[in-house]
file final-v9.cif (mmCIF, C-alpha atoms and all ligand atoms)
data_structure
loop_
_atom_site.label_atom_id
_atom_site.label_comp_id
_atom_site.auth_asym_id
_atom_site.auth_seq_id
_atom_site.Cartn_x
_atom_site.Cartn_y
_atom_site.Cartn_z
CA MET A 633 38.49 -4.91 0.70
CA SER A 634 36.22 -1.91 0.29
CA ASP A 635 35.01 -0.69 -3.11
CA ALA A 636 37.52 2.12 -2.94
CA ALA A 637 40.42 -0.28 -2.58
CA LYS A 638 41.09 -1.61 -6.08
CA PRO A 639 43.87 -4.06 -6.98
CA ASP A 640 46.77 -2.89 -9.11
CA SER A 641 45.34 -4.79 -12.09
CA ALA A 642 42.69 -2.04 -12.39
CA LEU A 643 45.41 0.42 -13.42
CA PRO A 644 46.56 0.68 -17.08
CA LYS A 645 49.82 -1.25 -17.19
CA GLU A 646 51.83 1.19 -19.34
CA LEU A 647 51.06 4.02 -16.92
CA LEU A 648 52.32 2.27 -13.80
CA THR A 649 55.50 3.33 -12.20
CA GLU A 650 57.49 0.95 -10.05
CA THR A 651 59.71 3.67 -8.73
CA HIS A 652 57.41 4.91 -6.02
CA ASP A 653 58.89 3.78 -2.73
CA GLY A 654 56.95 5.97 -0.35
CA HIS A 655 54.30 4.75 2.07
CA ARG A 656 51.85 2.02 1.20
CA LEU A 657 48.34 2.97 0.15
CA ARG A 658 45.13 1.29 1.25
CA THR A 659 45.52 -1.11 -1.68
CA ARG A 660 48.68 -2.40 0.08
CA SER A 661 50.49 -1.28 -3.04
CA ARG A 662 53.18 1.17 -3.92
CA SER A 663 52.11 1.32 -7.58
CA ILE A 664 50.62 4.58 -8.81
CA VAL A 665 49.87 6.08 -12.19
CA ASP A 666 52.64 8.12 -13.74
CA ARG A 667 50.64 11.28 -14.53
CA SER A 668 53.29 12.69 -16.83
CA LYS A 669 52.35 10.01 -19.41
CA LEU A 670 48.61 10.77 -19.35
CA SER A 671 48.62 13.20 -22.26
CA VAL A 672 49.98 10.54 -24.63
CA SER A 673 47.83 7.65 -23.47
CA THR A 674 45.13 6.45 -25.81
CA ASP A 675 44.39 3.24 -23.98
CA ALA A 676 40.72 2.80 -23.32
CA ALA A 677 40.70 -0.93 -23.73
CA SER A 678 40.06 -1.83 -20.12
CA PRO A 679 38.57 1.24 -18.48
CA PRO A 680 38.18 1.11 -14.74
CA PRO A 681 34.65 1.77 -13.59
CA LEU A 682 34.07 5.32 -12.41
CA SER A 683 31.59 6.24 -9.78
CA GLY A 684 28.05 6.09 -11.10
CA GLY A 685 28.87 3.04 -13.19
CA VAL A 686 30.20 5.04 -16.17
CA LYS A 687 32.67 2.93 -18.14
CA LYS A 688 35.27 5.26 -19.55
CA ALA A 689 38.98 5.57 -18.94
CA PRO A 690 39.87 8.85 -17.21
CA ASN A 691 42.13 11.44 -18.78
CA LEU A 692 41.31 10.73 -22.45
CA TYR A 693 40.16 14.36 -22.83
CA SER A 694 37.59 13.34 -25.42
CA GLY A 695 35.11 16.10 -24.62
CA HIS A 696 32.25 16.50 -22.20
CA THR A 697 29.42 14.04 -21.82
CA PHE A 698 25.67 14.64 -21.65
CA LEU A 699 24.82 12.91 -18.40
CA ASN A 700 22.88 15.86 -16.95
CA ARG A 701 19.82 16.78 -18.93
CA PRO A 702 19.44 20.56 -19.19
CA GLU A 703 16.52 21.92 -17.20
CA ARG A 704 14.14 23.21 -19.85
CA PHE A 705 11.58 24.65 -17.46
CA ARG A 706 12.31 25.51 -13.86
CA LEU A 707 8.94 24.80 -12.36
CA ASP A 708 10.15 23.91 -8.90
CA GLY A 709 12.36 26.78 -7.85
CA HIS A 710 13.13 30.42 -8.64
CA LYS A 711 15.13 32.42 -11.18
CA MET A 712 16.29 35.35 -9.08
CA ILE A 713 19.95 34.95 -10.03
CA TYR A 714 19.04 36.17 -13.52
CA HIS A 715 17.79 39.48 -12.10
CA MET A 716 20.56 40.55 -9.78
CA ASP A 717 20.55 44.07 -11.24
CA ARG A 718 17.06 44.63 -9.79
CA VAL A 719 18.02 42.95 -6.53
CA GLN A 720 21.02 45.26 -6.14
CA GLU A 721 18.82 48.31 -6.79
CA TRP A 722 16.52 47.11 -4.02
CA ARG A 723 19.45 46.61 -1.65
CA ARG A 724 20.51 50.19 -2.35
CA GLY A 725 17.06 51.27 -1.14
CA GLU A 726 15.67 52.28 -4.53
CA ARG A 727 11.91 52.15 -5.12
CA ILE A 728 12.11 49.31 -7.59
CA ALA A 729 9.30 47.89 -9.69
CA PRO A 730 8.64 44.17 -9.35
CA ILE A 731 10.53 41.90 -11.69
CA HIS A 732 7.31 40.01 -12.23
CA ILE A 733 3.62 40.54 -11.46
CA ASP A 734 1.02 37.85 -10.90
CA MET A 735 -2.44 39.28 -11.36
CA GLY A 736 -5.99 38.12 -11.48
CA LEU A 737 -8.19 39.66 -14.15
CA THR A 738 -11.48 38.66 -12.57
CA LYS A 739 -12.95 37.67 -9.23
CA PHE A 740 -15.16 34.90 -10.52
CA CYS A 741 -14.99 31.67 -12.45
CA ASN A 742 -16.98 29.50 -14.82
CA ILE A 743 -16.15 26.29 -12.94
CA ALA A 744 -15.59 25.48 -9.27
CA CYS A 745 -12.42 23.47 -8.56
CA ILE A 746 -12.74 21.93 -5.12
CA TYR A 747 -9.24 23.11 -4.11
CA CYS A 748 -9.67 26.75 -5.21
CA ILE A 749 -7.64 28.94 -2.85
CA GLY A 750 -8.95 32.05 -4.61
CA VAL A 751 -12.23 31.59 -2.75
CA THR A 752 -10.39 32.25 0.51
CA GLN A 753 -8.52 35.33 -0.78
CA GLY A 754 -11.01 38.15 -0.50
CA GLY A 755 -13.87 36.04 -1.84
CA MET A 756 -15.33 35.58 -5.33
CA LYS A 757 -18.08 37.77 -6.74
CA LYS A 758 -19.78 37.06 -10.03
CA GLY A 759 -19.06 39.67 -12.69
CA GLN A 760 -16.33 41.45 -10.75
CA MET A 761 -13.29 42.13 -12.90
CA ILE A 762 -10.67 44.71 -13.79
CA GLN A 763 -12.09 47.16 -16.28
CA PRO A 764 -10.42 47.37 -19.72
CA ASP A 765 -9.08 50.93 -19.33
CA ALA A 766 -7.46 50.13 -16.00
CA LEU A 767 -6.00 46.88 -17.28
CA LEU A 768 -4.46 48.45 -20.38
CA ARG A 769 -3.09 51.34 -18.33
CA LEU A 770 -1.52 48.82 -15.95
CA ILE A 771 0.16 47.10 -18.88
CA ARG A 772 1.58 50.40 -20.16
CA ASP A 773 2.79 51.22 -16.63
CA ALA A 774 4.46 47.82 -16.41
CA GLY A 775 6.35 48.67 -19.59
CA ARG A 776 7.37 52.11 -18.25
CA LEU A 777 8.52 50.57 -14.97
CA GLN A 778 10.45 47.79 -16.71
CA VAL A 779 8.45 45.06 -15.11
CA ARG A 780 9.82 42.07 -17.01
CA SER A 781 6.80 39.84 -17.05
CA VAL A 782 3.14 39.74 -16.08
CA ALA A 783 1.27 36.51 -15.55
CA PHE A 784 -2.51 36.48 -15.59
CA ILE A 785 -2.58 33.99 -12.76
CA GLY A 786 -4.57 33.97 -9.56
CA ASP A 787 -8.06 34.85 -8.37
CA GLY A 788 -10.76 34.26 -11.02
CA GLU A 789 -10.60 32.89 -14.55
CA PRO A 790 -8.75 35.35 -16.85
CA THR A 791 -10.64 34.43 -20.04
CA LEU A 792 -13.80 35.89 -18.48
CA ASN A 793 -12.26 39.34 -18.85
CA PRO A 794 -12.89 40.51 -22.43
CA ALA A 795 -9.84 42.82 -22.31
CA LEU A 796 -7.50 39.84 -21.84
CA TYR A 797 -6.49 39.52 -25.49
CA ASP A 798 -5.88 43.23 -26.05
CA ALA A 799 -3.75 43.27 -22.90
CA ILE A 800 -1.67 40.39 -24.25
CA VAL A 801 -1.03 42.16 -27.55
CA LEU A 802 -0.31 45.51 -25.87
CA ALA A 803 2.14 43.94 -23.42
CA ARG A 804 4.23 42.61 -26.29
CA GLU A 805 4.33 46.14 -27.76
CA CYS A 806 5.40 47.48 -24.36
CA GLY A 807 8.23 44.96 -24.00
CA VAL A 808 6.59 43.00 -21.21
CA GLU A 809 6.33 39.22 -21.46
CA THR A 810 3.02 37.68 -20.49
CA ALA A 811 1.69 34.28 -19.58
CA MET A 812 -1.61 32.96 -18.32
CA ALA A 813 -3.04 30.15 -16.29
CA THR A 814 -6.54 29.29 -17.40
CA ASN A 815 -9.06 26.50 -17.21
CA GLY A 816 -9.19 27.03 -20.99
CA ILE A 817 -12.85 26.27 -21.45
CA LEU A 818 -13.81 29.76 -22.59
CA LEU A 819 -10.59 30.59 -24.44
CA ASP A 820 -11.64 32.54 -27.54
CA MET A 821 -10.22 30.57 -30.46
CA ASN A 822 -10.76 33.60 -32.69
CA ARG A 823 -7.93 35.20 -30.70
CA ALA A 824 -5.79 32.06 -30.58
CA HIS A 825 -3.16 33.56 -32.86
CA ASP A 826 -2.86 36.63 -30.61
CA VAL A 827 -2.31 34.37 -27.64
CA LEU A 828 0.18 32.02 -29.28
CA ARG A 829 2.09 34.78 -31.04
CA ASN A 830 2.47 37.00 -27.99
CA GLN A 831 2.48 34.94 -24.83
CA THR A 832 5.48 33.17 -23.35
CA PHE A 833 3.36 30.37 -21.98
CA VAL A 834 -0.20 29.26 -21.45
CA ARG A 835 -0.80 26.83 -18.61
CA PHE A 836 -4.04 24.96 -18.42
CA ASN A 837 -5.28 24.24 -14.94
CA LEU A 838 -6.39 20.71 -15.47
CA SER A 839 -6.37 18.35 -12.53
CA ALA A 840 -8.13 15.37 -14.04
CA GLY A 841 -7.41 13.10 -16.97
CA ASN A 842 -10.93 12.07 -17.94
CA SER A 843 -14.43 13.51 -17.95
CA GLU A 844 -15.51 11.72 -14.78
CA GLY A 845 -12.52 13.05 -12.86
CA PHE A 846 -13.16 16.46 -14.38
CA ARG A 847 -16.69 16.48 -13.01
CA ARG A 848 -15.49 15.41 -9.61
CA ILE A 849 -12.53 17.80 -9.24
CA HIS A 850 -13.57 20.83 -11.25
CA GLN A 851 -17.32 20.48 -10.54
CA ALA A 852 -18.08 21.06 -14.19
CA ALA A 853 -20.15 19.27 -16.83
CA PRO A 854 -18.23 16.27 -18.23
CA ALA A 855 -18.93 17.47 -21.80
CA LEU A 856 -16.76 20.52 -21.11
CA PHE A 857 -13.79 18.21 -20.65
CA ASP A 858 -14.06 17.06 -24.26
CA GLU A 859 -14.41 20.64 -25.48
CA LEU A 860 -11.32 21.66 -23.56
CA ILE A 861 -9.27 18.77 -24.89
CA GLN A 862 -10.27 19.68 -28.44
CA LYS A 863 -9.19 23.27 -27.84
CA ILE A 864 -5.80 22.28 -26.49
CA ARG A 865 -5.25 19.97 -29.46
CA GLU A 866 -6.13 22.79 -31.82
CA LEU A 867 -3.74 25.19 -30.07
CA VAL A 868 -0.93 22.64 -30.32
CA ARG A 869 -1.69 22.30 -34.04
CA LEU A 870 -1.81 26.06 -34.64
CA ARG A 871 1.41 26.58 -32.77
CA LYS A 872 3.20 23.97 -34.85
CA GLU A 873 1.76 25.17 -38.13
CA ASN A 874 2.80 28.78 -37.45
CA GLN A 875 5.96 28.02 -35.50
CA TYR A 876 4.88 30.15 -32.56
CA GLY A 877 7.14 30.03 -29.52
CA CYS A 878 4.42 29.89 -26.88
CA THR A 879 4.92 27.04 -24.40
CA LEU A 880 1.78 25.05 -23.69
CA GLY A 881 1.57 23.17 -20.42
CA LEU A 882 -0.81 21.52 -18.00
CA GLN A 883 -0.89 21.96 -14.26
CA MET A 884 -2.40 19.46 -11.91
CA VAL A 885 -3.11 20.50 -8.34
CA LEU A 886 -2.72 17.30 -6.40
CA ILE A 887 -5.22 16.37 -3.71
CA PRO A 888 -6.27 12.94 -2.48
CA GLU A 889 -9.47 13.17 -4.54
CA ASN A 890 -7.45 13.08 -7.77
CA PHE A 891 -4.61 10.71 -6.89
CA ASP A 892 -6.29 8.24 -9.26
CA GLN A 893 -6.04 10.73 -12.12
CA VAL A 894 -2.26 11.28 -12.12
CA LEU A 895 -1.27 8.64 -14.66
CA THR A 896 -4.31 9.21 -16.87
CA LEU A 897 -3.49 12.88 -17.07
CA ALA A 898 0.23 12.26 -17.65
CA ARG A 899 -0.64 10.02 -20.61
CA LEU A 900 -3.19 12.52 -21.90
CA GLY A 901 -0.57 15.30 -21.83
CA ALA A 902 1.77 13.19 -23.95
CA ASP A 903 -1.01 12.46 -26.39
CA LEU A 904 -2.02 16.13 -26.64
CA GLY A 905 1.50 17.22 -27.55
CA VAL A 906 1.82 19.86 -24.81
CA ASP A 907 5.28 20.64 -23.49
CA TYR A 908 4.81 19.63 -19.90
CA LEU A 909 2.59 18.49 -17.10
CA GLN A 910 3.42 20.04 -13.76
CA VAL A 911 2.09 18.31 -10.68
CA LYS A 912 2.04 20.41 -7.55
CA GLN A 913 0.88 19.96 -4.04
CA CYS A 914 -2.11 21.97 -2.93
CA SER A 915 -1.33 25.10 -0.93
CA ASP A 916 -3.45 25.74 2.11
CA THR A 917 -4.27 28.86 4.09
CA GLU A 918 -3.03 29.88 7.51
CA TYR A 919 -6.37 28.58 8.84
CA GLY A 920 -6.18 25.28 6.95
CA GLU A 921 -9.45 26.02 5.15
CA LEU A 922 -8.72 23.52 2.39
CA GLY A 923 -7.97 20.72 4.86
CA ILE A 924 -4.71 19.63 3.25
CA GLN A 925 -2.98 16.88 5.23
CA ARG A 926 0.57 16.72 3.94
CA GLU A 927 0.99 13.16 5.18
CA GLU A 928 -1.47 12.00 2.56
CA TYR A 929 1.04 12.74 -0.20
CA ARG A 930 3.10 9.76 0.95
CA ARG A 931 0.50 7.47 -0.61
CA VAL A 932 1.09 8.77 -4.09
CA VAL A 933 4.90 9.00 -4.33
CA ASP A 934 5.32 5.85 -6.46
CA THR A 935 2.55 6.94 -8.80
CA LEU A 936 4.21 10.33 -9.22
CA LYS A 937 7.52 8.68 -10.08
CA GLU A 938 5.77 6.50 -12.64
CA ALA A 939 4.16 9.60 -14.13
CA GLU A 940 7.56 11.28 -14.43
CA SER A 941 8.87 8.24 -16.28
CA LEU A 942 6.45 9.09 -19.09
CA SER A 943 8.58 12.15 -19.92
CA ARG A 944 10.12 12.23 -23.39
CA GLU A 945 12.41 14.54 -25.30
CA ASP A 946 9.58 16.96 -26.07
CA TYR A 947 7.29 16.36 -23.09
CA SER A 948 8.17 16.45 -19.45
CA VAL A 949 6.17 15.42 -16.45
CA GLN A 950 7.51 17.35 -13.50
CA VAL A 951 6.48 16.89 -9.92
CA LYS A 952 7.21 19.72 -7.51
CA TRP A 953 9.23 17.47 -5.24
CA ASN A 954 10.66 20.33 -3.20
CA LYS A 955 7.23 20.88 -1.72
CA ILE A 956 6.10 17.29 -1.51
CA ASN A 957 9.43 16.21 0.01
CA ILE A 958 8.79 18.48 2.95
CA LEU A 959 7.45 15.29 4.52
CA ALA A 960 11.04 14.14 4.79
CA GLU A 961 12.03 17.28 6.67
CA THR A 962 12.38 17.59 10.40
CA ASP A 963 9.22 17.82 12.41
CA VAL A 964 9.57 21.58 12.63
CA TYR A 965 9.64 22.21 8.88
CA ARG A 966 7.09 19.54 8.13
CA HIS A 967 4.51 21.51 10.04
CA GLY A 968 4.90 24.68 8.06
CA ILE A 969 7.85 26.42 9.70
CA ARG A 970 9.86 28.13 7.00
CA LYS A 971 13.62 28.28 6.56
CA TYR A 972 13.64 32.05 6.92
CA ASP A 973 12.06 34.48 9.33
CA ILE A 974 11.43 37.55 7.18
CA CYS A 975 9.56 37.89 3.91
CA TYR A 976 11.71 40.03 1.60
CA GLY A 977 10.12 38.77 -1.61
CA THR A 978 7.11 41.00 -2.06
CA PRO A 979 8.91 43.91 -3.80
CA MET A 980 10.32 41.42 -6.33
CA LEU A 981 7.05 39.73 -7.18
CA GLY A 982 3.99 41.94 -7.20
CA GLN A 983 0.46 40.61 -6.93
CA ILE A 984 -2.78 42.27 -7.98
CA SER A 985 -6.24 40.98 -7.25
CA GLY A 986 -8.81 40.39 -9.97
CA ASN A 987 -10.78 43.42 -8.75
CA GLY A 988 -7.82 45.75 -9.40
CA LYS A 989 -6.71 46.07 -5.78
CA VAL A 990 -2.98 45.94 -5.16
CA TYR A 991 -1.62 44.03 -2.18
CA PRO A 992 1.90 42.83 -1.39
CA CYS A 993 0.89 39.23 -2.04
CA GLY A 994 -2.02 36.98 -2.91
CA PRO A 995 -2.52 35.52 0.56
CA PHE A 996 -3.08 39.08 1.82
CA PHE A 997 -5.82 39.87 -0.71
CA GLY A 998 -8.74 41.29 1.20
CA LYS A 999 -6.69 42.27 4.27
CA ASP A 1000 -7.27 46.01 4.48
CA ARG A 1001 -4.19 46.68 6.52
CA PHE A 1002 -2.07 45.73 3.50
CA LEU A 1003 -4.14 47.33 0.74
CA ILE A 1004 -1.85 49.57 -1.32
CA GLY A 1005 -4.34 50.94 -3.79
CA ASP A 1006 -6.69 50.24 -6.68
CA ILE A 1007 -5.53 50.44 -10.30
CA HIS A 1008 -8.96 51.87 -11.23
CA ARG A 1009 -8.22 54.91 -9.07
CA MET A 1010 -4.47 55.35 -9.28
CA SER A 1011 -1.85 54.38 -11.81
CA TYR A 1012 0.39 51.48 -10.89
CA TYR A 1013 3.35 53.68 -11.79
CA ASP A 1014 2.39 56.23 -9.14
CA MET A 1015 1.74 53.48 -6.62
CA ILE A 1016 5.23 52.01 -7.03
CA LYS A 1017 6.79 55.44 -6.63
CA GLY A 1018 4.51 56.38 -3.73
CA ASP A 1019 4.91 56.18 0.05
CA ARG A 1020 1.96 53.86 0.74
CA TYR A 1021 3.46 51.02 -1.33
CA TRP A 1022 6.73 51.14 0.58
CA ALA A 1023 5.05 51.57 3.97
CA VAL A 1024 3.20 48.31 3.35
CA GLN A 1025 6.40 46.59 2.25
CA ARG A 1026 8.03 47.77 5.48
CA ASP A 1027 5.05 46.51 7.48
CA ILE A 1028 5.62 43.06 5.95
CA VAL A 1029 9.29 43.03 6.89
CA GLU A 1030 8.80 44.39 10.40
CA ASN A 1031 5.55 42.83 11.57
CA ILE A 1032 4.80 39.63 9.71
CA ASP A 1033 5.62 36.31 11.29
CA VAL A 1034 5.95 34.14 8.21
CA HIS A 1035 5.50 30.99 10.26
CA CYS A 1036 2.10 32.01 11.58
CA ASP A 1037 0.57 34.79 9.51
CA CYS A 1038 1.09 33.34 6.04
CA THR A 1039 -0.31 30.80 3.65
CA ILE A 1040 1.74 27.62 3.73
CA GLY A 1041 3.87 27.39 0.58
CA CYS A 1042 3.04 30.85 -0.78
CA ARG A 1043 4.21 32.07 -4.19
CA GLN A 1044 7.20 33.99 -2.76
CA ASP A 1045 8.51 31.07 -0.74
CA TYR A 1046 11.47 30.12 -2.96
CA ILE A 1047 12.34 33.76 -3.53
CA ASN A 1048 12.28 34.41 0.19
CA THR A 1049 14.70 31.57 0.84
CA PHE A 1050 17.12 33.08 -1.66
CA LEU A 1051 16.78 36.63 -0.32
CA TRP A 1052 17.11 35.47 3.29
CA ASP A 1053 20.46 33.96 2.38
CA LEU A 1054 21.49 37.13 0.59
CA MET A 1055 20.54 39.31 3.54
CA ASN A 1056 22.19 37.04 6.11
CA PRO A 1057 25.61 36.22 4.68
CA PRO A 1058 27.82 33.80 6.57
CA ALA A 1059 31.37 34.67 7.61
CA HIS A 1060 34.21 34.44 5.07
CA VAL A 1061 32.07 34.94 1.93
CA ASN A 1062 35.16 35.53 -0.20
CA PHE A 1063 36.26 31.94 0.36
CA ILE A 1064 33.76 30.66 -2.13
S1 LIG A 1101 5.70 35.01 3.18
FE1 LIG A 1101 3.72 35.81 3.92
S2 LIG A 1101 3.80 38.00 3.49
FE2 LIG A 1101 5.39 37.02 2.29
S3 LIG A 1101 4.45 36.64 0.31
FE3 LIG A 1101 4.21 34.79 1.53
S4 LIG A 1101 2.20 34.99 2.48
FE4 LIG A 1101 2.79 37.04 1.75
#
call {"tool": "encode", "arguments": {"input": "final-v9.cif", "output": "structure tokens"}}
result
Amino acid sequence: MSDAAKPDSALPKELLTETHDGHRLRTRSRSIVDRSKLSVSTDAASPPPLSGGVKKAPNLYSGHTFLNRPERFRLDGHKMIYHMDRVQEWRRGERIAPIHIDMGLTKFCNIACIYCIGVTQGGMKKGQMIQPDALLRLIRDAGRLQVRSVAFIGDGEPTLNPALYDAIVLARECGVETAMATNGILLDMNRAHDVLRNQTFVRFNLSAGNSEGFRRIHQAAPALFDELIQKIRELVRLRKENQYGCTLGLQMVLIPENFDQVLTLARLGADLGVDYLQVKQCSDTEYGELGIQREEYRRVVDTLKEAESLSREDYSVQVKWNKINILAETDVYRHGIRKYDICYGTPMLGQISGNGKVYPCGPFFGKDRFLIGDIHRMSYYDMIKGDRYWAVQRDIVENIDVHCDCTIGCRQDYINTFLWDLMNPPAHVNFI
């Protein structure tokens, strides 16, 4: 007898009816539950097992359970469904502002992570950065345009731009949420309160769990690792003491050279008291300049699962499985073919290089054909309303082959999947 075929003894006796004389069921029985009695039944003495091994009698109506943990941070997906107003404006052909902007503040860095994709995106140049006036004007424009959030993520290290902290404070005044990804080493602790009070999250790019790994992966002096750890501890303390809402997280970019650091870093994150450790695969360029072999991730799957098991109520270790699991996809998808043919995502998520130049996306930094403008020369507000911006967006839609011309696993990838579905509805959509 299969699992599905249970003997009559599994049914609560007082709910059985003998009167059913229709066809036999798979259990070779004619006994069924009399559903009209369910509302008065309180019998939970011998609950039949439900699927998933949950032991509870059905139809007690005792309230919902808590078997699905709420997703506190969505680190491995997108949140477009919360911005359908902007999406509908775009579908009506309006010149919308991005929902979110990722922007570099500099084009250089104080360390040299061996997986840095910024090096390939228009190059790095010491001292090059967005000037304070242009940065603050951009923030005001973002407020005017109702950009909902700006993340100082991408290109060089944001803490090397001295206008960073004023931009954070101004953005709050303008109604724009901000976040930053930083290596943290140069974070000005004199401005720690401004950061923690005003930013939605700070994510530390840390891909090693000890000073030796830090030297190897980030090509930085081991002593800096200890300084960074002290800083993060202090930020966690300040946040708690002042009840600031800023989320503090770590991000590990996973490459074979740091597979041995996964568990060490996961334990360190728990010890530091940060909210999460995100582990992500390493993106690579359309020319494979970082030499990422996706097959290599197979070796580390068990370790990643063990790292996730270190999650607690107030600390989660999250692996970006959607990307790593691409290994389980068909041969076509495994080798970088996407599940959509057109990139619609660039008007939703704007990207600005750390030298102030505006492009449709990070992987196109430095490609003159797609240069929209420079925030030192023209306001972002005027750019968004102008013809050049939308001509470039059209160029992306009409001429880009996302399977060949694009960085594998780019920032807009999840958004593009969603928009592709939206723009290519199946038949019978009202039969939901
Ligand atoms: S799909 Fe291509 S064009 Fe679109 S954002 Fe990604 S890299 Fe840029």
call {"tool": "atom_distance", "arguments": {"input": "final-v9.cif", "atom1": "atom CA of Ile746 of chain A", "atom2": "atom CA of Gln893 of chain A"}}
result
14.8 Å
call {"tool": "atom_distance", "arguments": {"input": "final-v9.cif", "atom1": "atom CA of Gly695 of chain A", "atom2": "atom CA of Val665 of chain A"}}
result
21.7 Å
call {"tool": "closest_atom_pairs", "arguments": {"input": "final-v9.cif", "of": "chain A", "to": "ligand LIG 1101 (chain A)", "cutoff": "8 Å", "atoms": "all atoms listed in the file", "output": "JSON lines"}}
result
{"residue": "A:Ile974", "atom": "CA", "partner": "A:LIG1101", "partner_atom": "S1", "distance": 7.4}
{"residue": "A:Cys975", "atom": "CA", "partner": "A:LIG1101", "partner_atom": "FE2", "distance": 4.6}
{"residue": "A:Tyr976", "atom": "CA", "partner": "A:LIG1101", "partner_atom": "FE2", "distance": 7.0}
{"residue": "A:Gly977", "atom": "CA", "partner": "A:LIG1101", "partner_atom": "S3", "distance": 6.4}
{"residue": "A:Thr978", "atom": "CA", "partner": "A:LIG1101", "partner_atom": "S3", "distance": 5.6}
{"residue": "A:Pro992", "atom": "CA", "partner": "A:LIG1101", "partner_atom": "FE4", "distance": 6.6}
{"residue": "A:Cys993", "atom": "CA", "partner": "A:LIG1101", "partner_atom": "FE4", "distance": 4.8}
{"residue": "A:Gly994", "atom": "CA", "partner": "A:LIG1101", "partner_atom": "FE4", "distance": 6.7}
{"residue": "A:Pro995", "atom": "CA", "partner": "A:LIG1101", "partner_atom": "S4", "distance": 5.1}
{"residue": "A:Phe996", "atom": "CA", "partner": "A:LIG1101", "partner_atom": "FE4", "distance": 6.2}
{"residue": "A:Ile1028", "atom": "CA", "partner": "A:LIG1101", "partner_atom": "S2", "distance": 5.9}
{"residue": "A:Ile1032", "atom": "CA", "partner": "A:LIG1101", "partner_atom": "S2", "distance": 6.5}
{"residue": "A:Asp1033", "atom": "CA", "partner": "A:LIG1101", "partner_atom": "FE1", "distance": 7.6}
{"residue": "A:Val1034", "atom": "CA", "partner": "A:LIG1101", "partner_atom": "S1", "distance": 5.1}
{"residue": "A:Asp1037", "atom": "CA", "partner": "A:LIG1101", "partner_atom": "FE1", "distance": 6.5}
{"residue": "A:Cys1038", "atom": "CA", "partner": "A:LIG1101", "partner_atom": "S4", "distance": 4.1}
{"residue": "A:Thr1039", "atom": "CA", "partner": "A:LIG1101", "partner_atom": "S4", "distance": 5.0}
{"residue": "A:Ile1040", "atom": "CA", "partner": "A:LIG1101", "partner_atom": "S4", "distance": 7.5}
{"residue": "A:Gly1041", "atom": "CA", "partner": "A:LIG1101", "partner_atom": "FE3", "distance": 7.5}
{"residue": "A:Cys1042", "atom": "CA", "partner": "A:LIG1101", "partner_atom": "FE3", "distance": 4.7}
{"residue": "A:Arg1043", "atom": "CA", "partner": "A:LIG1101", "partner_atom": "FE3", "distance": 6.3}
{"residue": "A:Gln1044", "atom": "CA", "partner": "A:LIG1101", "partner_atom": "S3", "distance": 4.9}
{"residue": "A:Asp1045", "atom": "CA", "partner": "A:LIG1101", "partner_atom": "FE3", "distance": 6.1}
{"residue": "A:Asn1048", "atom": "CA", "partner": "A:LIG1101", "partner_atom": "S1", "distance": 7.3}
call {"tool": "closest_residue", "arguments": {"input": "final-v9.cif", "among": "A:Leu737, A:Met1010, A:Leu867, A:Met1015", "to": "Gly905 of chain A", "atoms": "all atoms listed in the file"}}
result
A:Leu867
call {"tool": "atom_distance", "arguments": {"input": "final-v9.cif", "atom1": "atom CA of Met735 of chain A", "atom2": "atom CA of Ile713 of chain A"}}
result
22.8 Å
call {"tool": "closest_residue", "arguments": {"input": "final-v9.cif", "among": "A:Tyr714, A:Leu1051, A:Arg723, A:Gly786", "to": "Gln753 of chain A", "atoms": "only C-alpha atoms"}}
result
A:Gly786
call {"tool": "closest_atom_pairs", "arguments": {"input": "final-v9.cif", "of": "segment 983-1028 of chain A", "to": "segment 766-784 of chain A", "cutoff": "12 Å", "atoms": "only C-alpha atoms", "output": "JSON lines"}}
result
{"residue": "A:Gln983", "atom": "CA", "partner": "A:Val782", "partner_atom": "CA", "distance": 9.6}
{"residue": "A:Ile984", "atom": "CA", "partner": "A:Phe784", "partner_atom": "CA", "distance": 9.6}
{"residue": "A:Ser985", "atom": "CA", "partner": "A:Phe784", "partner_atom": "CA", "distance": 10.2}
{"residue": "A:Gly986", "atom": "CA", "partner": "A:Phe784", "partner_atom": "CA", "distance": 9.3}
{"residue": "A:Asn987", "atom": "CA", "partner": "A:Leu767", "partner_atom": "CA", "distance": 10.4}
{"residue": "A:Gly988", "atom": "CA", "partner": "A:Ala766", "partner_atom": "CA", "distance": 7.9}
{"residue": "A:Lys989", "atom": "CA", "partner": "A:Ala766", "partner_atom": "CA", "distance": 11.0}
{"residue": "A:Val990", "atom": "CA", "partner": "A:Leu770", "partner_atom": "CA", "distance": 11.3}
{"residue": "A:Asp1006", "atom": "CA", "partner": "A:Ala766", "partner_atom": "CA", "distance": 9.4}
{"residue": "A:Ile1007", "atom": "CA", "partner": "A:Ala766", "partner_atom": "CA", "distance": 6.0}
{"residue": "A:His1008", "atom": "CA", "partner": "A:Ala766", "partner_atom": "CA", "distance": 5.3}
{"residue": "A:Arg1009", "atom": "CA", "partner": "A:Ala766", "partner_atom": "CA", "distance": 8.5}
{"residue": "A:Met1010", "atom": "CA", "partner": "A:Ala766", "partner_atom": "CA", "distance": 9.0}
{"residue": "A:Ser1011", "atom": "CA", "partner": "A:Leu770", "partner_atom": "CA", "distance": 6.9}
{"residue": "A:Tyr1012", "atom": "CA", "partner": "A:Leu770", "partner_atom": "CA", "distance": 6.0}
{"residue": "A:Tyr1013", "atom": "CA", "partner": "A:Asp773", "partner_atom": "CA", "distance": 5.5}
{"residue": "A:Asp1014", "atom": "CA", "partner": "A:Asp773", "partner_atom": "CA", "distance": 9.0}
{"residue": "A:Met1015", "atom": "CA", "partner": "A:Asp773", "partner_atom": "CA", "distance": 10.3}
{"residue": "A:Ile1016", "atom": "CA", "partner": "A:Leu777", "partner_atom": "CA", "distance": 8.7}
{"residue": "A:Lys1017", "atom": "CA", "partner": "A:Leu777", "partner_atom": "CA", "distance": 9.8}
